[in-house]
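The structure file entry21.txt is reproduced below (compact mmCIF, C-alpha atoms).
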```txt
# COMPACT_ATOMS: atom_id res chain seq x y z
CA MET F 20 21.96 -25.31 -22.95
CA ARG F 21 24.74 -25.04 -20.45
CA ILE F 22 25.67 -22.12 -18.23
CA GLU F 23 29.10 -22.57 -16.68
CA GLU F 24 28.95 -26.34 -17.30
CA TRP F 25 25.58 -26.64 -15.53
CA GLY F 26 22.69 -27.99 -17.56
CA VAL F 27 19.90 -25.44 -17.72
CA ARG F 28 16.70 -26.86 -19.18
CA ARG F 29 14.04 -24.18 -18.73
CA ILE F 30 15.26 -21.19 -20.72
CA LEU F 31 12.77 -18.73 -22.14
CA VAL F 32 13.99 -17.44 -25.50
CA ASP F 33 12.37 -14.01 -25.69
CA SER F 34 13.22 -12.12 -28.87
CA GLY F 35 11.49 -9.09 -27.32
CA SER F 36 13.78 -8.96 -24.28
CA SER F 37 16.66 -6.50 -24.34
CA VAL F 38 18.58 -8.27 -21.53
CA GLU F 39 19.57 -11.77 -20.58
CA VAL F 40 18.28 -12.82 -17.16
CA LEU F 41 19.47 -15.45 -14.72
CA PHE F 42 17.05 -16.14 -11.90
CA CYS F 43 18.44 -16.21 -8.37
CA ASP F 44 17.48 -19.85 -7.78
CA THR F 45 19.55 -20.88 -10.80
CA PHE F 46 22.44 -18.62 -9.76
CA ASN F 47 22.48 -20.33 -6.35
CA ARG F 48 22.15 -23.82 -7.88
CA ILE F 49 25.19 -23.14 -10.05
CA GLU F 50 26.95 -22.50 -6.72
CA LEU F 51 28.25 -19.06 -7.59
CA SER F 52 29.10 -16.52 -4.93
CA ASP F 53 27.38 -13.14 -4.64
CA ASP F 54 30.92 -11.68 -4.59
CA ILE F 55 31.15 -12.04 -8.38
CA LEU F 56 28.06 -9.90 -8.97
CA VAL F 57 28.75 -6.49 -10.45
CA PRO F 58 26.35 -3.69 -9.47
CA SER F 59 24.03 -2.79 -12.31
CA THR F 60 23.46 0.71 -13.61
CA TYR F 61 19.98 0.19 -15.04
CA ARG F 62 16.57 -1.17 -14.08
CA ILE F 63 14.58 -3.89 -15.78
CA TYR F 64 10.97 -3.13 -16.70
CA GLY F 65 8.48 -5.79 -17.72
CA PHE F 66 6.05 -5.32 -20.58
CA ASN F 67 3.40 -4.29 -18.03
CA GLY F 68 5.62 -1.54 -16.63
CA THR F 69 6.58 -3.27 -13.38
CA MET F 70 10.15 -2.73 -12.32
CA THR F 71 12.45 -5.54 -11.17
CA ILE F 72 15.45 -4.70 -9.02
CA GLN F 73 18.54 -6.68 -9.91
CA LYS F 74 20.95 -8.26 -7.48
CA GLY F 75 23.65 -7.48 -10.03
CA GLU F 76 25.20 -8.65 -13.27
CA VAL F 77 27.52 -11.54 -13.97
CA THR F 78 29.35 -12.65 -17.11
CA LEU F 79 29.18 -16.40 -17.61
CA ARG F 80 29.91 -18.92 -20.33
CA VAL F 81 26.79 -20.06 -22.20
CA SER F 82 27.13 -23.03 -24.54
CA ASP F 83 25.01 -25.53 -26.43
CA GLY F 84 26.75 -28.54 -24.91
CA GLY F 85 27.70 -29.78 -28.38
CA GLY F 86 30.85 -27.75 -28.84
CA TYR F 87 29.47 -25.49 -31.57
CA LEU F 88 28.35 -22.57 -29.45
CA ASP F 89 30.38 -21.08 -26.63
CA THR F 90 29.82 -17.42 -25.68
CA LEU F 91 30.57 -15.17 -22.75
CA THR F 92 27.24 -13.62 -21.83
CA THR F 93 26.35 -10.89 -19.34
CA LEU F 94 23.28 -11.94 -17.37
CA CYS F 95 21.23 -9.85 -14.96
CA VAL F 96 20.59 -11.78 -11.76
CA VAL F 97 17.11 -11.16 -10.35
CA ASP F 98 15.36 -12.57 -7.30
CA VAL F 99 11.92 -13.16 -8.79
CA ALA F 100 9.72 -16.25 -8.76
CA SER F 101 9.71 -17.88 -12.19
CA PRO F 102 9.25 -21.32 -13.69
CA TYR F 103 12.21 -20.52 -15.95
CA GLU F 104 15.85 -20.75 -15.00
CA ALA F 105 17.00 -18.03 -17.40
CA ILE F 106 15.78 -15.72 -20.15
CA ILE F 107 17.77 -15.28 -23.34
CA GLY F 108 16.96 -12.15 -25.32
CA ARG F 109 17.79 -10.16 -28.44
CA PRO F 110 21.43 -9.31 -27.60
CA TRP F 111 22.42 -12.96 -27.21
CA ILE F 112 20.48 -14.12 -30.28
CA ALA F 113 22.04 -11.35 -32.37
CA GLY F 114 25.48 -12.08 -30.91
CA ILE F 115 25.42 -15.66 -32.19
CA LYS F 116 23.85 -14.50 -35.47
CA GLY F 117 20.93 -16.73 -34.61
CA VAL F 118 17.33 -16.94 -35.70
CA ALA F 119 14.76 -17.89 -33.09
CA SER F 120 11.38 -19.39 -33.93
CA ALA F 121 8.80 -19.58 -31.17
CA ASN F 122 6.48 -21.67 -33.36
CA HIS F 123 9.15 -24.26 -34.07
CA GLN F 124 10.81 -23.94 -30.63
CA ARG F 125 14.26 -23.70 -32.19
CA ILE F 126 17.21 -21.38 -32.44
CA ARG F 127 19.33 -21.82 -35.54
CA PHE F 128 22.80 -20.32 -35.80
CA PRO F 129 25.83 -20.57 -38.07
CA THR F 130 28.91 -22.56 -37.01
CA TYR F 131 32.16 -23.39 -38.75
CA LYS F 132 30.56 -26.72 -39.79
CA GLY F 133 27.30 -25.24 -41.11
CA ILE F 134 23.97 -24.45 -39.46
CA ASP F 135 23.29 -25.87 -36.00
CA GLU F 136 20.20 -25.59 -33.85
CA VAL F 137 19.02 -25.81 -30.28
CA VAL F 138 15.59 -27.44 -30.03
CA GLY F 139 13.09 -26.69 -27.27
CA ASP F 140 10.72 -29.06 -25.51
CA SER F 141 7.07 -28.16 -26.19
CA GLN F 142 5.75 -30.11 -23.19
CA ALA F 143 8.16 -28.35 -20.81
CA ALA F 144 7.21 -25.01 -22.39
CA ARG F 145 3.51 -25.67 -21.71
CA GLN F 146 4.28 -26.60 -18.10
CA CYS F 147 6.32 -23.42 -17.62
CA MET F 148 3.50 -21.31 -19.08
CA GLN F 149 1.00 -22.92 -16.70
CA VAL F 150 3.25 -22.37 -13.67
CA ASP F 151 3.94 -18.79 -14.77
CA ALA F 152 0.20 -18.09 -15.09
CA GLN F 153 -0.35 -19.53 -11.61
CA ILE F 154 2.46 -17.41 -10.11
CA ASN F 155 1.01 -14.28 -11.73
CA GLU F 156 -2.51 -15.06 -10.50
CA GLU F 157 -1.24 -15.61 -6.95
CA ARG F 158 0.68 -12.32 -7.12
CA ARG F 159 -2.41 -10.46 -8.36
CA ALA F 160 -4.58 -12.02 -5.63
CA ARG F 161 -2.02 -11.03 -3.00
CA GLN F 162 -1.90 -7.46 -4.37
CA ARG F 163 -5.72 -7.26 -4.36
CA GLY F 164 -5.75 -8.48 -0.75
CA GLU F 165 -3.15 -5.91 0.28
CA LYS F 166 -5.05 -3.16 -1.52
CA ASN F 167 -8.35 -4.11 0.17
CA LYS F 168 -6.62 -4.31 3.56
CA ALA F 169 -5.12 -0.84 3.04
CA LYS F 170 -8.55 0.55 2.10
CA GLU F 171 -10.09 -1.03 5.20
CA THR F 172 -7.39 0.37 7.45
CA LYS F 173 -7.72 3.81 5.88
CA SER F 174 -11.51 3.86 6.30
CA ARG F 175 -11.24 2.73 9.94
CA ARG F 176 -8.67 5.42 10.67
CA GLY F 177 -10.89 8.01 9.02
CA THR F 178 -13.88 7.01 11.19
CA GLY F 179 -11.78 6.96 14.35
CA LYS F 180 -10.27 10.34 13.61
CA ASN F 181 -13.66 11.95 13.16
CA TYR F 182 -14.98 10.30 16.31
CA PHE F 183 -12.05 11.42 18.46
CA ALA F 184 -12.10 14.89 16.93
CA GLY F 185 -15.76 15.20 17.95
CA VAL F 186 -15.07 13.97 21.49
CA HIS F 187 -12.17 16.37 21.84
CA ASP F 188 -14.37 19.34 20.88
CA ILE F 189 -16.87 18.56 23.64
```

Show the structure stored in the file as structure tokens.
Amino acid sequence: MRIEEWGVRRILVDSGSSVEVLFCDTFNRIELSDDILVPSTYRIYGFNGTMTIQKGEVTLRVSDGGGYLDTLTTLCVVDVASPYEAIIGRPWIAGIKGVASANHQRIRFPTYKGIDEVVGDSQAARQCMQVDAQINEERRARQRGEKNKAKETKSRRGTGKNYFAGVHDI
């Protein structure tokens, strides 16, 4: 797939996503300026309920590189670590009247010459899933560490407070 004439190889086609996402690293690689970002009026929530704050939205040309598919697509730009370069969701798939198959790693869509398809790379998909799992595990470990550190700090403060309160009363 191409976004503004730049080849984008690692796109997650997520038929459960209600927005199209462009990750900040890809936005910067395409050499676009933050000046073209439009402030967004909504928040993005993941399936686990975590909220992602957007840098903004941008409307860009998304094409298949073969001349059959060329759409203007509004993408939410987010600064989040991801093995993917973009996420394409339900609005885009519906907009091209496409059918996505995760099992077959294909999107089929009608064109003026018949049915065309974009085919995924199963090896690249496996690599992205492995990297994504690693990123999530590192994030969870970091959160556990921060939580334990906060508990430690809180318990130390509690002990110190009681000690100083006792000294003060003497």

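As for atom CA of F:Met20 and atom CA of F:Thr69, they are spaced 28.5 Å apart.
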
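In this model, the gap between atom CA of F:Arg109 and atom CA of F:Gln124 comes to 15.6 Å.
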
Nearby residues (only C-alpha atoms) at most 12 Å from F:Asp54, same-chain spacing under 5 positions excluded, as a PDB file with C-alpha atoms, in the coordinates of the input:
```pdb
ATOM      1  CA  LYS F  74      20.950  -8.260  -7.480  1.00  0.00           C
ATOM      2  CA  GLY F  75      23.650  -7.480 -10.030  1.00  0.00           C
ATOM      3  CA  GLU F  76      25.200  -8.650 -13.270  1.00  0.00           C
ATOM      4  CA  VAL F  77      27.520 -11.540 -13.970  1.00  0.00           C
TER       5      VAL F  77
END
```

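Counting from atom CA of F:Phe46, the distance to atom CA of F:Gln162 is 27.3 Å.
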
### Query
With distances taken over all atoms listed in the file, which of F:Glu165, F:Ala121, F:Ile22, F:Lys173 is nearest to F:Gly35?
F:Ala121

Could you check which residues have any atom within 7 Å of (18.2, -15.9, -19.4), counting only C-alpha atoms with coordinates taken straight from the file, and then list them as a short mmCIF file (atom, residue, chain, number, x, y, z; two decimals) with C-alpha atoms, in the coordinates of the input?
```cif
data_model
loop_
_atom_site.label_atom_id
_atom_site.label_comp_id
_atom_site.auth_asym_id
_atom_site.auth_seq_id
_atom_site.Cartn_x
_atom_site.Cartn_y
_atom_site.Cartn_z
CA ILE F 30 15.26 -21.19 -20.72
CA LEU F 31 12.77 -18.73 -22.14
CA GLU F 39 19.57 -11.77 -20.58
CA VAL F 40 18.28 -12.82 -17.16
CA LEU F 41 19.47 -15.45 -14.72
CA LEU F 94 23.28 -11.94 -17.37
CA GLU F 104 15.85 -20.75 -15.00
CA ALA F 105 17.00 -18.03 -17.40
CA ILE F 106 15.78 -15.72 -20.15
CA ILE F 107 17.77 -15.28 -23.34
#
```

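Minimum atom-to-atom distances from F:Ser101, F:Thr130, F:Gln142, F:Ser52 to F:Gly117 were compared using only C-alpha atoms, and the lowest value belongs to F:Thr130.
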
### Message
Nearest residue to F:Val137 out of F:Gly65, F:Pro102, F:Gly26, F:Gly84, using all atoms listed in the file?
### Response
F:Gly84

### Shell of 9 Å around F:Ile126, all atoms listed in the file, local chain residues under 5 positions omitted, as a ChimeraX atom specification
/F:32,112,117-121,135-139

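Of the listed residues (F:Leu88, F:Val99, F:Ile115, F:Met70), F:Val99 comes nearest to F:Thr45; the distances count all atoms listed in the file.
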
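Residue nearest F:Tyr131 within the list F:Thr172, F:Val57, F:Arg158, F:Tyr87: F:Tyr87 [criterion: smallest interatomic distance, all atoms listed in the file].
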
Might I get the box with edges along x, y and z of the file that holds all atoms of stretch 92-106 of chain F listed there, padded by 3 Å on every side, given as centre and edge lengths in Å to one decimal, as JSON?
```
{"center_x": 18.2, "center_y": -15.6, "center_z": -14.6, "size_x": 24.0, "size_y": 17.5, "size_z": 20.5}
```
